[in-house]
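Peer 1: My structure is in query_27.cif, and what it holds is mmCIF, C-alpha atoms:
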```cif
data_final
#
loop_
_atom_site.label_atom_id
_atom_site.label_comp_id
_atom_site.auth_asym_id
_atom_site.auth_seq_id
_atom_site.Cartn_x
_atom_site.Cartn_y
_atom_site.Cartn_z
CA MET L 1 -14.77 1.11 19.62
CA LEU L 2 -11.37 -0.43 18.99
CA ILE L 3 -9.64 -1.64 15.83
CA ILE L 4 -6.48 -3.74 16.00
CA ALA L 5 -4.88 -3.36 12.57
CA CYS L 6 -2.34 -6.00 11.54
CA ILE L 7 -0.44 -4.44 8.63
CA SER L 8 2.02 -6.17 6.32
CA SER L 9 5.52 -4.74 6.43
CA HIS L 10 6.21 -6.04 2.90
CA GLY L 11 5.79 -2.55 1.49
CA TYR L 12 4.61 0.94 2.28
CA GLY L 13 1.50 0.52 0.14
CA HIS L 14 -0.22 -1.64 2.77
CA GLY L 15 0.38 1.00 5.43
CA ALA L 16 -0.80 3.84 3.19
CA ARG L 17 -3.98 1.96 2.35
CA VAL L 18 -4.78 1.23 6.00
CA ALA L 19 -4.03 4.87 6.87
CA ALA L 20 -6.54 6.04 4.25
CA LEU L 21 -9.18 3.64 5.58
CA LEU L 22 -8.68 4.41 9.27
CA GLY L 23 -8.35 8.12 8.57
CA ALA L 24 -11.79 8.03 6.96
CA LEU L 25 -13.14 6.02 9.89
CA HIS L 26 -11.66 8.55 12.34
CA ARG L 27 -13.55 11.32 10.55
CA GLN L 28 -16.78 9.31 10.83
CA GLN L 29 -16.18 8.09 14.40
CA PRO L 30 -13.55 10.24 16.17
CA ASP L 31 -13.60 8.21 19.40
CA CYS L 32 -12.60 4.95 17.71
CA ARG L 33 -9.21 3.77 18.99
CA PHE L 34 -6.55 2.29 16.69
CA VAL L 35 -3.76 -0.11 17.64
CA LEU L 36 -1.39 -0.77 14.71
CA CYS L 37 0.43 -4.09 14.91
CA THR L 38 3.14 -3.86 12.26
CA ALA L 39 6.88 -3.74 11.65
CA LEU L 40 6.56 -0.67 9.40
CA ALA L 41 8.75 2.25 10.45
CA PRO L 42 7.15 4.54 13.07
CA ALA L 43 8.23 7.64 11.10
CA PHE L 44 6.39 6.36 8.02
CA LEU L 45 3.23 5.62 10.02
CA ALA L 46 3.28 9.07 11.62
CA GLN L 47 3.59 10.58 8.15
CA VAL L 48 0.72 8.69 6.50
CA PHE L 49 -1.65 8.82 9.48
CA GLN L 50 -1.33 12.65 9.69
CA GLY L 51 -3.23 13.67 12.79
CA VAL L 52 -5.06 10.36 13.34
CA PRO L 53 -4.10 9.09 16.81
CA PHE L 54 -2.78 5.54 17.02
CA GLU L 55 -0.62 3.26 19.12
CA GLN L 56 1.97 0.98 17.48
CA ARG L 57 3.04 -2.51 18.46
CA HIS L 58 6.13 -3.72 16.60
CA CYS L 59 4.94 -6.98 15.00
CA PRO L 60 6.48 -8.64 11.92
CA TRP L 61 3.37 -10.66 11.02
CA ASP L 62 4.33 -11.72 7.51
CA VAL L 63 7.21 -12.03 5.07
CA GLY L 64 5.55 -11.20 1.78
CA VAL L 65 8.27 -11.56 -0.84
CA VAL L 66 11.89 -10.75 -0.07
CA GLN L 67 13.19 -8.19 -2.57
CA ALA L 68 16.61 -6.93 -3.58
CA ASP L 69 15.04 -3.70 -4.83
CA ALA L 70 11.64 -2.38 -5.89
CA LEU L 71 11.65 -4.44 -9.12
CA GLY L 72 13.29 -7.75 -8.16
CA SER L 73 12.27 -10.75 -6.00
CA ASP L 74 14.35 -13.42 -4.21
CA PRO L 75 12.37 -16.71 -3.93
CA GLU L 76 15.07 -18.61 -2.01
CA ALA L 77 15.41 -15.91 0.62
CA THR L 78 11.61 -15.73 0.82
CA LEU L 79 11.35 -19.44 1.67
CA LEU L 80 13.98 -19.12 4.39
CA ALA L 81 12.18 -16.09 5.82
CA LEU L 82 8.84 -17.93 5.83
CA GLU L 83 10.35 -20.83 7.77
CA LYS L 84 11.89 -18.44 10.28
CA LEU L 85 8.60 -16.59 10.75
CA GLU L 86 6.74 -19.86 11.31
CA ARG L 87 9.09 -20.67 14.18
CA GLU L 88 8.67 -17.21 15.71
CA LEU L 89 4.90 -16.77 15.32
CA PRO L 90 3.77 -18.71 18.44
CA ALA L 91 5.80 -16.47 20.76
CA LEU L 92 4.68 -13.33 18.89
CA LEU L 93 1.02 -14.34 19.12
CA GLU L 94 1.32 -15.09 22.81
CA ARG L 95 3.05 -11.78 23.50
CA GLU L 96 0.52 -9.69 21.60
CA ALA L 97 -2.51 -11.52 22.99
CA ALA L 98 -1.17 -10.99 26.52
CA TYR L 99 -0.83 -7.26 25.84
CA LEU L 100 -4.17 -6.84 24.09
CA ARG L 101 -6.47 -8.82 26.42
CA PRO L 102 -6.33 -6.29 29.29
CA LEU L 103 -6.79 -3.49 26.76
CA LEU L 104 -9.96 -5.14 25.47
CA GLU L 105 -11.27 -5.69 28.99
CA SER L 106 -10.80 -2.02 29.88
CA HIS L 107 -12.01 -0.58 26.57
CA PRO L 108 -15.76 -0.01 26.27
CA GLY L 109 -17.59 -1.01 23.13
CA PRO L 110 -16.99 -3.44 20.27
CA ALA L 111 -13.65 -4.33 18.69
CA LEU L 112 -12.35 -6.16 15.64
CA VAL L 113 -9.10 -7.16 13.95
CA LEU L 114 -8.36 -5.62 10.54
CA GLY L 115 -5.77 -7.37 8.35
CA ASP L 116 -3.94 -5.91 5.34
CA VAL L 117 -3.00 -8.56 4.66
CA PRO L 118 -0.90 -10.86 6.98
CA PRO L 119 -2.55 -14.30 7.23
CA ALA L 120 -1.45 -14.58 10.88
CA ALA L 121 -3.91 -11.80 11.76
CA ALA L 122 -6.58 -14.53 11.75
CA LEU L 123 -4.68 -16.40 14.48
CA LEU L 124 -4.55 -13.26 16.62
CA ALA L 125 -8.29 -12.69 16.12
CA GLN L 126 -8.94 -16.29 17.22
CA ARG L 127 -6.91 -15.86 20.40
CA LEU L 128 -8.73 -12.66 21.25
CA GLY L 129 -12.19 -13.92 20.28
CA LEU L 130 -12.68 -11.02 17.86
CA PRO L 131 -14.17 -10.74 14.37
CA MET L 132 -11.64 -10.62 11.53
CA ILE L 133 -12.04 -8.27 8.53
CA TRP L 134 -9.53 -8.17 5.68
CA GLN L 135 -8.68 -5.26 3.39
CA ALA L 136 -6.89 -6.39 0.25
CA ASN L 137 -6.43 -6.46 -3.47
CA PHE L 138 -4.56 -9.76 -3.13
CA GLY L 139 -3.59 -12.36 -0.58
CA TRP L 140 -0.21 -14.03 -0.21
CA ASP L 141 -1.89 -17.26 -1.31
CA ALA L 142 -2.19 -15.87 -4.85
CA ILE L 143 1.39 -14.57 -4.85
CA TYR L 144 2.94 -17.81 -3.56
CA ALA L 145 0.86 -19.96 -5.92
CA GLU L 146 2.76 -18.40 -8.86
CA MET L 147 6.23 -18.83 -7.33
CA GLY L 148 6.73 -22.56 -7.85
CA LEU L 149 6.12 -25.93 -6.25
CA ALA L 150 8.06 -25.17 -3.06
CA PHE L 151 5.59 -22.37 -2.26
CA ARG L 152 2.44 -24.46 -2.71
CA PRO L 153 2.11 -25.46 0.99
CA TRP L 154 2.54 -21.83 1.99
CA ALA L 155 -0.14 -20.73 -0.50
CA GLU L 156 -2.58 -23.32 0.87
CA HIS L 157 -1.84 -22.35 4.46
CA CYS L 158 -2.45 -18.66 3.70
CA ALA L 159 -5.73 -19.39 1.92
CA GLN L 160 -6.94 -21.43 4.89
CA LEU L 161 -6.26 -18.54 7.28
CA TYR L 162 -7.86 -15.96 4.98
CA GLY L 163 -11.02 -18.09 4.94
CA GLN L 164 -11.40 -17.59 8.70
CA GLY L 165 -12.30 -13.92 8.28
CA GLN L 166 -15.83 -12.57 8.33
CA ALA L 167 -15.40 -10.52 5.11
CA VAL L 168 -12.86 -8.81 2.84
CA ILE L 169 -12.95 -5.17 1.77
CA SER L 170 -11.95 -5.78 -1.85
CA CYS L 171 -9.97 -2.95 -3.43
CA PRO L 172 -9.51 -2.26 -7.16
CA PHE L 173 -6.78 -4.06 -9.13
CA SER L 174 -7.69 -7.29 -7.31
CA LEU L 175 -6.29 -10.75 -7.84
CA PRO L 176 -8.63 -13.69 -7.19
CA MET L 177 -9.43 -14.01 -3.49
CA PRO L 178 -11.45 -17.27 -3.38
CA TRP L 179 -11.61 -17.41 0.40
CA GLY L 180 -15.28 -18.35 0.78
CA ILE L 181 -16.18 -15.17 2.70
CA PRO L 182 -18.25 -12.10 1.73
CA ARG L 183 -16.43 -9.67 -0.55
CA TRP L 184 -17.24 -5.96 -0.28
CA GLU L 185 -16.14 -4.09 -3.41
CA VAL L 186 -14.97 -0.48 -2.98
CA GLY L 187 -13.45 2.20 -5.22
CA LEU L 188 -9.97 3.69 -5.25
CA SER L 189 -8.76 4.04 -1.66
CA CYS L 190 -6.15 6.66 -0.85
CA GLY L 191 -5.47 9.82 1.09
CA GLN L 192 -5.39 13.41 -0.15
CA PRO L 193 -2.46 15.81 -0.65
CA ALA L 194 -1.76 17.91 2.43
CA LEU L 195 -1.04 21.12 0.48
CA GLY L 196 -2.33 22.88 -2.61
CA GLU L 197 -0.30 23.55 -5.75
CA ALA L 198 0.40 27.21 -4.88
CA GLN L 199 1.72 26.33 -1.42
CA LEU L 200 3.91 23.59 -2.87
CA ARG L 201 5.41 25.87 -5.51
CA GLU L 202 6.34 28.35 -2.81
CA LYS L 203 7.98 25.65 -0.68
CA PHE L 204 9.92 24.19 -3.62
CA CYS L 205 10.61 27.57 -5.27
CA LEU L 206 9.43 25.77 -8.38
CA SER L 207 8.33 27.58 -11.54
CA HIS L 208 8.59 24.64 -13.93
CA PRO L 209 5.20 23.99 -15.61
CA ARG L 210 3.10 21.10 -14.34
CA GLU L 211 2.98 19.44 -17.77
CA ARG L 212 6.80 19.14 -17.68
CA THR L 213 7.14 17.98 -14.07
CA ALA L 214 7.28 14.31 -13.10
CA LEU L 215 7.35 12.45 -9.80
CA LEU L 216 10.10 9.79 -9.85
CA SER L 217 9.43 7.37 -6.99
CA PHE L 218 9.88 3.63 -6.42
CA GLY L 219 8.69 3.13 -2.85
CA GLY L 220 10.69 2.29 0.24
CA LEU L 221 13.26 -0.02 -1.40
CA GLY L 222 13.85 2.19 -4.39
CA VAL L 223 15.99 1.40 -7.45
CA GLN L 224 19.67 2.19 -7.98
CA LEU L 225 19.64 4.69 -10.81
CA ASP L 226 22.46 6.65 -12.45
CA PRO L 227 21.71 10.35 -11.72
CA ALA L 228 23.15 11.28 -15.12
CA LEU L 229 20.06 9.74 -16.74
CA LEU L 230 18.03 12.76 -15.66
CA ALA L 231 20.21 14.89 -17.97
CA HIS L 232 18.63 13.01 -20.89
CA TRP L 233 15.49 15.04 -20.13
CA PRO L 234 16.64 18.67 -19.66
CA HIS L 235 13.18 20.09 -20.39
CA TRP L 236 11.62 18.05 -17.56
CA HIS L 237 11.86 18.67 -13.82
CA PHE L 238 11.82 15.66 -11.47
CA LEU L 239 10.60 15.45 -7.89
CA VAL L 240 12.60 12.62 -6.31
CA THR L 241 12.96 10.69 -3.04
CA ASP L 242 16.59 9.66 -3.68
CA PRO L 243 19.13 12.31 -2.50
CA SER L 244 21.67 11.18 -5.12
CA LEU L 245 19.23 12.09 -7.90
CA ALA L 246 18.48 15.45 -6.30
CA ALA L 247 22.05 16.56 -7.08
CA MET L 248 21.01 17.00 -10.71
CA ALA L 249 20.04 20.50 -11.88
CA ASN L 250 16.59 19.38 -13.04
CA ALA L 251 15.60 17.59 -9.81
CA SER L 252 14.24 18.55 -6.40
CA LEU L 253 14.31 16.33 -3.31
CA ILE L 254 10.96 15.71 -1.63
CA PRO L 255 11.36 16.62 2.06
CA LYS L 256 10.90 13.76 4.50
CA TYR L 257 7.83 15.40 6.02
CA LEU L 258 6.01 15.17 2.67
CA ARG L 259 4.66 12.03 1.05
CA PRO L 260 4.95 11.44 -2.70
CA LEU L 261 1.17 11.95 -2.73
CA ASP L 262 1.63 15.44 -1.30
CA VAL L 263 3.65 16.65 -4.30
CA MET L 264 1.40 15.16 -6.98
CA PRO L 265 -0.41 18.49 -7.55
CA LEU L 266 2.85 19.75 -9.07
CA CYS L 267 3.12 16.91 -11.59
CA SER L 268 1.55 15.64 -14.76
CA ARG L 269 3.16 12.18 -14.66
CA VAL L 270 4.53 9.62 -12.24
CA LEU L 271 7.45 7.39 -13.20
CA THR L 272 7.23 4.35 -10.95
CA LYS L 273 6.90 0.58 -10.46
CA PRO L 274 3.56 -1.30 -10.38
CA GLY L 275 2.19 -0.44 -6.93
CA TYR L 276 -1.37 -0.33 -5.62
CA SER L 277 -1.16 2.84 -3.54
CA THR L 278 0.84 4.82 -6.11
CA PHE L 279 -1.63 3.83 -8.84
CA CYS L 280 -4.62 4.85 -6.69
CA GLU L 281 -3.04 8.14 -5.66
CA ALA L 282 -1.96 9.07 -9.19
CA LEU L 283 -5.30 8.16 -10.76
CA SER L 284 -7.23 10.02 -8.07
CA GLN L 285 -5.15 13.14 -8.82
CA GLY L 286 -5.59 12.81 -12.60
CA LEU L 287 -1.94 12.00 -13.33
CA GLY L 288 -0.58 9.75 -16.08
CA LEU L 289 1.65 6.82 -15.14
CA ILE L 290 4.85 5.64 -16.81
CA VAL L 291 5.39 2.21 -15.28
CA VAL L 292 8.49 0.04 -15.31
CA ALA L 293 7.50 -3.59 -15.87
CA ARG L 294 8.09 -5.97 -12.98
CA GLN L 295 8.54 -9.74 -13.23
CA GLY L 296 8.11 -12.50 -10.63
CA PHE L 297 5.28 -10.90 -8.64
CA ALA L 298 1.73 -11.86 -9.62
CA GLU L 299 0.15 -8.57 -8.53
CA ALA L 300 2.21 -6.60 -11.06
CA ALA L 301 0.45 -8.09 -14.11
CA VAL L 302 -2.98 -7.36 -12.62
CA LEU L 303 -1.99 -3.79 -11.77
CA GLN L 304 -0.65 -3.21 -15.26
CA ALA L 305 -3.78 -4.65 -16.88
CA GLY L 306 -5.95 -2.47 -14.66
CA LEU L 307 -3.92 0.59 -15.55
CA ILE L 308 -4.31 -0.11 -19.26
CA SER L 309 -8.08 -0.30 -18.72
CA HIS L 310 -8.53 2.72 -16.46
CA GLY L 311 -5.63 5.20 -16.67
CA TRP L 312 -3.48 7.20 -19.06
CA HIS L 313 -0.24 5.25 -19.19
CA ARG L 314 2.90 4.01 -20.83
CA LEU L 315 4.72 0.75 -19.95
CA LEU L 316 8.52 0.53 -20.03
CA PRO L 317 10.75 -2.56 -20.07
CA ARG L 318 13.18 -2.49 -17.15
CA GLN L 319 16.22 -2.20 -19.42
CA ALA L 320 14.75 0.80 -21.23
CA PHE L 321 14.24 2.46 -17.87
CA MET L 322 17.79 1.73 -16.73
CA ASP L 323 19.07 3.16 -20.05
CA GLY L 324 17.12 6.40 -19.60
CA ALA L 325 14.69 5.74 -22.49
CA TRP L 326 11.72 6.98 -20.48
CA GLN L 327 9.52 8.19 -23.39
CA LEU L 328 8.45 11.27 -21.45
CA ASP L 329 7.92 13.26 -24.64
CA ASN L 330 5.71 10.58 -26.19
CA PRO L 331 1.94 10.87 -25.72
CA LEU L 332 0.49 8.62 -23.05
CA GLU L 333 -1.72 5.72 -24.11
CA PRO L 334 -5.41 6.38 -23.37
CA PRO L 335 -7.34 3.97 -21.12
CA LEU L 336 -9.41 1.31 -22.81
CA GLY L 337 -12.29 1.75 -20.36
CA ALA L 338 -13.89 4.17 -17.93
CA PRO L 339 -12.15 5.68 -14.89
CA LEU L 340 -12.39 3.76 -11.63
CA ALA L 341 -14.76 5.01 -8.95
CA GLN L 342 -13.14 6.90 -6.09
CA GLY L 343 -13.93 7.13 -2.37
CA GLY L 344 -13.01 3.56 -1.48
CA GLU L 345 -11.54 4.64 1.86
CA SER L 346 -14.85 6.22 2.94
CA GLN L 347 -16.84 3.24 1.66
CA GLY L 348 -14.58 0.85 3.57
CA ALA L 349 -14.80 2.97 6.72
CA ALA L 350 -18.60 2.90 6.58
CA LEU L 351 -18.53 -0.89 6.23
CA LEU L 352 -16.18 -1.24 9.20
CA LEU L 353 -18.31 1.08 11.31
CA ALA L 354 -21.45 -0.88 10.45
CA GLN L 355 -19.71 -4.10 11.47
CA LEU L 356 -18.52 -2.62 14.77
CA GLN L 357 -22.00 -1.39 15.55
CA SER L 358 -23.46 -4.76 14.62
CA TYR L 359 -21.01 -6.63 16.85
CA GLY L 360 -21.80 -4.16 19.63
CA ARG L 361 -25.51 -4.98 19.43
CA GLU L 362 -24.80 -8.71 19.38
CA SER L 363 -22.64 -8.50 22.49
#
```
Using the file provided, produce a representation of the structure as structure tokens.
Peer 2:
Amino acid sequence: MLIIACISSHGYGHGARVAALLGALHRQQPDCRFVLCTALAPAFLAQVFQGVPFEQRHCPWDVGVVQADALGSDPEATLLALEKLERELPALLEREAAYLRPLLESHPGPALVLGDVPPAAALLAQRLGLPMIWQANFGWDAIYAEMGLAFRPWAEHCAQLYGQGQAVISCPFSLPMPWGIPRWEVGLSCGQPALGEAQLREKFCLSHPRERTALLSFGGLGVQLDPALLAHWPHWHFLVTDPSLAAMANASLIPKYLRPLDVMPLCSRVLTKPGYSTFCEALSQGLGLIVVARQGFAEAAVLQAGLISHGWHRLLPRQAFMDGAWQLDNPLEPPLGAPLAQGGESQGAALLLAQLQSYGRES
């Protein structure tokens, strides 16, 4: 069995979600082979795949939305990047198809293309004659549709490509995905921390209580933050990914070999942006979320609404965050509804395995 996974390089969340899914599939079917076609950093992939063997092909399949930092978008730069990608895609498709065809001929058993969630993955699947399965909580069609008239042709083009898949594994916090294909709903999909709380405390030499420890993380792009703001909260200890913040007395730098997920057992709260993988990881670990509002990206509103319904939370305006008014000592707002079901990565893996076995019988 072979899965060719086309992963958006827009953000680390897509890679983390695919890693959780394929990690679960590896546990169910250890001989399944994974080829990751993505421009995500190899070091990041090695970190999130943790012992799951894979091969990477460097492929910038999509643009997503060009960002200045984790909270801001640049529509003009996004349009220019989309036009550039459109010019480069034919050569990229030809190159990857030429590489993958001999691999498919020599590899026994069924294969499919998994997309999370570059529309061009459908074009690769067509060239290879393979089934196309999406994993998503949104498509770029929904994002571009909210970005103005100039993005409308791009939104329509993305929707047309998404409709060429056989099905979509639909994750929580989903935007509309009216692609005319079967939609398989799953629960929260994420990995698990690599270490327990006791092991982590020993590594960090950390005695600060869990209820006064917070993870401060804004993904790969991050946010420029004045380290002095941490001094506003002397009774809190922060686990951070930014070395400049780690210079403060009440902060510890997360080592590069650990993911933010790995240190969550030490924390009671996560201070972050709206992000699918961070939300899933924090909710699965029973953490509260203090979330800095994000404008100009349609997924953010859906994530925030889902958090209000399903997780303990507090929402901050961006300016309040930049001023250090983080409300850490205020009680979190309770969810309006029930917790979300977990185990989405295992559910999705079982669906993929069933599809591979079905395609194998058909062939």
Peer 1: Could you work out how far atom CA of Phe218 of chain L lies from atom CA of Leu307 of chain L, giving the answer in Å with one decimal?
Peer 2: 16.8 Å
Peer 1: Please evaluate the PyMOL selection byres ((chain L and resi 332-334) around 9) against the displayed coordinates and give the resulting residues as number ranges by chain.
Peer 2: L: 288-290, 308-314, 328-331, 335-337
Peer 1: Write the residues you've just listed into a file as a short mmCIF file (atom, residue, chain, number, x, y, z; two decimals), keeping the file's coordinate frame, and include C-alpha atoms for each of them.
Peer 2:
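Listed below is the output, selection_32.cif:
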```cif
data_model
loop_
_atom_site.label_atom_id
_atom_site.label_comp_id
_atom_site.auth_asym_id
_atom_site.auth_seq_id
_atom_site.Cartn_x
_atom_site.Cartn_y
_atom_site.Cartn_z
CA GLY L 288 -0.58 9.75 -16.08
CA LEU L 289 1.65 6.82 -15.14
CA ILE L 290 4.85 5.64 -16.81
CA ILE L 308 -4.31 -0.11 -19.26
CA SER L 309 -8.08 -0.30 -18.72
CA HIS L 310 -8.53 2.72 -16.46
CA GLY L 311 -5.63 5.20 -16.67
CA TRP L 312 -3.48 7.20 -19.06
CA HIS L 313 -0.24 5.25 -19.19
CA ARG L 314 2.90 4.01 -20.83
CA LEU L 328 8.45 11.27 -21.45
CA ASP L 329 7.92 13.26 -24.64
CA ASN L 330 5.71 10.58 -26.19
CA PRO L 331 1.94 10.87 -25.72
CA PRO L 335 -7.34 3.97 -21.12
CA LEU L 336 -9.41 1.31 -22.81
CA GLY L 337 -12.29 1.75 -20.36
#
```
Peer 1: From the set L:Gly109, L:Pro255, L:Gly275, L:Pro60, which residue has the shortest atom-to-atom contact distance to Tyr12 of chain L, counting all atoms listed in the file?
Peer 2: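 Closest residue, counting all atoms listed in the file: L:Gly275.
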Peer 1: Could you give me, as a ChimeraX atom specification, the residues within 8 Å of segment 178-182 of chain L, counting only C-alpha atoms and dropping anything in the same chain fewer than 5 positions from it?
Peer 2: /L:159-160,162-163,165-168
Peer 1: Suppose we keep C-alpha atoms; can you now write the selection as a CSV table (one decimal), in the coordinates of the input?
Peer 2:
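Everything below was put into result_18.csv:
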```csv
chain,number,residue,atom,x,y,z
L,159,ALA,CA,-5.7,-19.4,1.9
L,160,GLN,CA,-6.9,-21.4,4.9
L,162,TYR,CA,-7.9,-16.0,5.0
L,163,GLY,CA,-11.0,-18.1,4.9
L,165,GLY,CA,-12.3,-13.9,8.3
L,166,GLN,CA,-15.8,-12.6,8.3
L,167,ALA,CA,-15.4,-10.5,5.1
L,168,VAL,CA,-12.9,-8.8,2.8
```
Peer 1: For a quick check of understanding, using only C-alpha atoms, which of L:Leu114, L:Met248, L:Val302, L:Ala24 has the smallest distance to Gln347 of chain L?
Peer 2: L:Ala24
Peer 1: Excluding Gly23 of chain L and residues on its chain fewer than 2 positions from it, collect all residues at most 10 Å away from it, counting only C-alpha atoms, and give them as a list of chain:residue names.
Peer 2: L:Arg17, L:Val18, L:Ala19, L:Ala20, L:Leu21, L:Leu25, L:His26, L:Arg27, L:Gln28, L:Gln29, L:Pro30, L:Val48, L:Phe49, L:Gln50, L:Gly51, L:Val52, L:Pro53, L:Cys190, L:Gly191, L:Glu345, L:Ser346, L:Ala349
Peer 1: Work out where the centre of an axis-aligned box around every listed atom of segment 328-332 of chain L lies and how long its edges are once 8 Å is added on each side; give both in Å to one decimal as lines of an AutoDock Vina configuration file.
Peer 2:
```
center_x = 4.5
center_y = 10.9
center_z = -23.8
size_x = 24.0
size_y = 20.6
size_z = 20.7
```
Peer 1: Which is closest to Leu175 of chain L among L:Ala301, L:Ile133, L:Ala91, L:Cys158, if we use all atoms listed in the file?
Peer 2: L:Ala301
Peer 1: Suppose you want the space between atom CA of Gln47 of chain L and atom CA of Asp262 of chain L; what is it in Å?
Peer 2: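 One can read the atom CA of Gln47 of chain L to atom CA of Asp262 of chain L distance as 10.8 Å.
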Peer 1: Quick one: of L:Ser9, L:Ala46, L:Glu86, L:Leu245, who's nearest to Cys59 of chain L, counting all atoms listed in the file?
Peer 2: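 Once distances to Cys59 of chain L are computed over all atoms listed in the file, the minimum belongs to L:Ser9.
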Peer 1: What would the selection look like, as a ChimeraX atom specification, if the PyMOL selection byres ((chain L and resi 135-141) around 7) were run on the coordinates I just shared?
Peer 2: /L:64,115-117,133-134,142-145,155-156,158-159,168-177
Peer 1: As an exercise, work out the distance from atom CA of Pro153 of chain L to atom CA of Ala77 of chain L in Å and give it to one decimal place.
Peer 2: 16.4 Å
Peer 1: Once the PyMOL selection byres ((chain L and resi 103) around 12) has been applied to the shown file, what residues remain in the selection, as a PDB file with C-alpha atoms, in the coordinates of the input?
Peer 2:
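expr.pdb was written with the following content:
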```pdb
ATOM      1  CA  MET L   1     -14.770   1.110  19.620  1.00  0.00           C
ATOM      2  CA  LEU L   2     -11.370  -0.430  18.990  1.00  0.00           C
ATOM      3  CA  ILE L   3      -9.640  -1.640  15.830  1.00  0.00           C
ATOM      4  CA  ILE L   4      -6.480  -3.740  16.000  1.00  0.00           C
ATOM      5  CA  ARG L  33      -9.210   3.770  18.990  1.00  0.00           C
ATOM      6  CA  PHE L  34      -6.550   2.290  16.690  1.00  0.00           C
ATOM      7  CA  VAL L  35      -3.760  -0.110  17.640  1.00  0.00           C
ATOM      8  CA  GLU L  55      -0.620   3.260  19.120  1.00  0.00           C
ATOM      9  CA  GLU L  96       0.520  -9.690  21.600  1.00  0.00           C
ATOM     10  CA  ALA L  97      -2.510 -11.520  22.990  1.00  0.00           C
ATOM     11  CA  ALA L  98      -1.170 -10.990  26.520  1.00  0.00           C
ATOM     12  CA  TYR L  99      -0.830  -7.260  25.840  1.00  0.00           C
ATOM     13  CA  LEU L 100      -4.170  -6.840  24.090  1.00  0.00           C
ATOM     14  CA  ARG L 101      -6.470  -8.820  26.420  1.00  0.00           C
ATOM     15  CA  PRO L 102      -6.330  -6.290  29.290  1.00  0.00           C
ATOM     16  CA  LEU L 104      -9.960  -5.140  25.470  1.00  0.00           C
ATOM     17  CA  GLU L 105     -11.270  -5.690  28.990  1.00  0.00           C
ATOM     18  CA  SER L 106     -10.800  -2.020  29.880  1.00  0.00           C
ATOM     19  CA  HIS L 107     -12.010  -0.580  26.570  1.00  0.00           C
ATOM     20  CA  PRO L 108     -15.760  -0.010  26.270  1.00  0.00           C
ATOM     21  CA  GLY L 109     -17.590  -1.010  23.130  1.00  0.00           C
ATOM     22  CA  ALA L 111     -13.650  -4.330  18.690  1.00  0.00           C
ATOM     23  CA  LEU L 128      -8.730 -12.660  21.250  1.00  0.00           C
TER      24      LEU L 128
END
```
Peer 1: Write out as a list in words which residues come within 12 Å of Ala249 of chain L when counting all atoms listed in the file, dropping same-chain ones fewer than 3 positions away.
Peer 2: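 The neighbour list is Pro227, Ala228, Leu229, Leu230, Ala231, His232, Trp233, Pro234, His235, Trp236, His237, Phe238, Leu239, Ser244, Leu245, Ala246, Ser252 and Leu253 of chain L.
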Peer 1: Looking at L:Leu258, L:Cys267, L:Ala247, L:Ala150, which one is nearest to Glu76 of chain L, with distances taken over all atoms listed in the file?
Peer 2: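 Closest residue, counting all atoms listed in the file: L:Ala150.
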Peer 1: Applying 12 Å and only C-alpha atoms, which residues near Ile254 of chain L remain after dropping the ones on its own chain fewer than 4 positions away? List them as an mmCIF file with C-alpha atoms, keeping the file's coordinate frame.
Peer 2:
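Generated output (part-v8.cif):
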```cif
data_model
loop_
_atom_site.group_PDB
_atom_site.id
_atom_site.type_symbol
_atom_site.label_atom_id
_atom_site.label_comp_id
_atom_site.auth_asym_id
_atom_site.auth_seq_id
_atom_site.Cartn_x
_atom_site.Cartn_y
_atom_site.Cartn_z
ATOM 1 C CA LEU L 200 3.910 23.590 -2.870
ATOM 2 C CA LYS L 203 7.980 25.650 -0.680
ATOM 3 C CA PHE L 204 9.920 24.190 -3.620
ATOM 4 C CA LEU L 215 7.350 12.450 -9.800
ATOM 5 C CA LEU L 216 10.100 9.790 -9.850
ATOM 6 C CA SER L 217 9.430 7.370 -6.990
ATOM 7 C CA PHE L 238 11.820 15.660 -11.470
ATOM 8 C CA LEU L 239 10.600 15.450 -7.890
ATOM 9 C CA VAL L 240 12.600 12.620 -6.310
ATOM 10 C CA THR L 241 12.960 10.690 -3.040
ATOM 11 C CA ASP L 242 16.590 9.660 -3.680
ATOM 12 C CA PRO L 243 19.130 12.310 -2.500
ATOM 13 C CA LEU L 245 19.230 12.090 -7.900
ATOM 14 C CA ALA L 246 18.480 15.450 -6.300
ATOM 15 C CA LEU L 258 6.010 15.170 2.670
ATOM 16 C CA ARG L 259 4.660 12.030 1.050
ATOM 17 C CA PRO L 260 4.950 11.440 -2.700
ATOM 18 C CA LEU L 261 1.170 11.950 -2.730
ATOM 19 C CA ASP L 262 1.630 15.440 -1.300
ATOM 20 C CA VAL L 263 3.650 16.650 -4.300
ATOM 21 C CA MET L 264 1.400 15.160 -6.980
ATOM 22 C CA LEU L 266 2.850 19.750 -9.070
#
```
Peer 1: With only C-alpha atoms as the basis for distance, which of L:Glu202, L:Glu94, L:Glu299, L:Glu281 is at the shortest distance from Leu188 of chain L?
Peer 2: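 With only C-alpha atoms as the atom set, the closest residue is L:Glu281.
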Peer 1: Considering only C-alpha atoms, return as a list in words whatever protein or nucleic-acid residues lie within 10 Å of Ala41 of chain L, sequence-local ones (same chain, fewer than 2 positions apart) excluded.
Peer 2: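 Within the cut-off, the hits are Ser9, Tyr12, Gly15, Thr38, Ala39, Ala43, Phe44, Leu45, Ala46, Gln56 and His58 of chain L.
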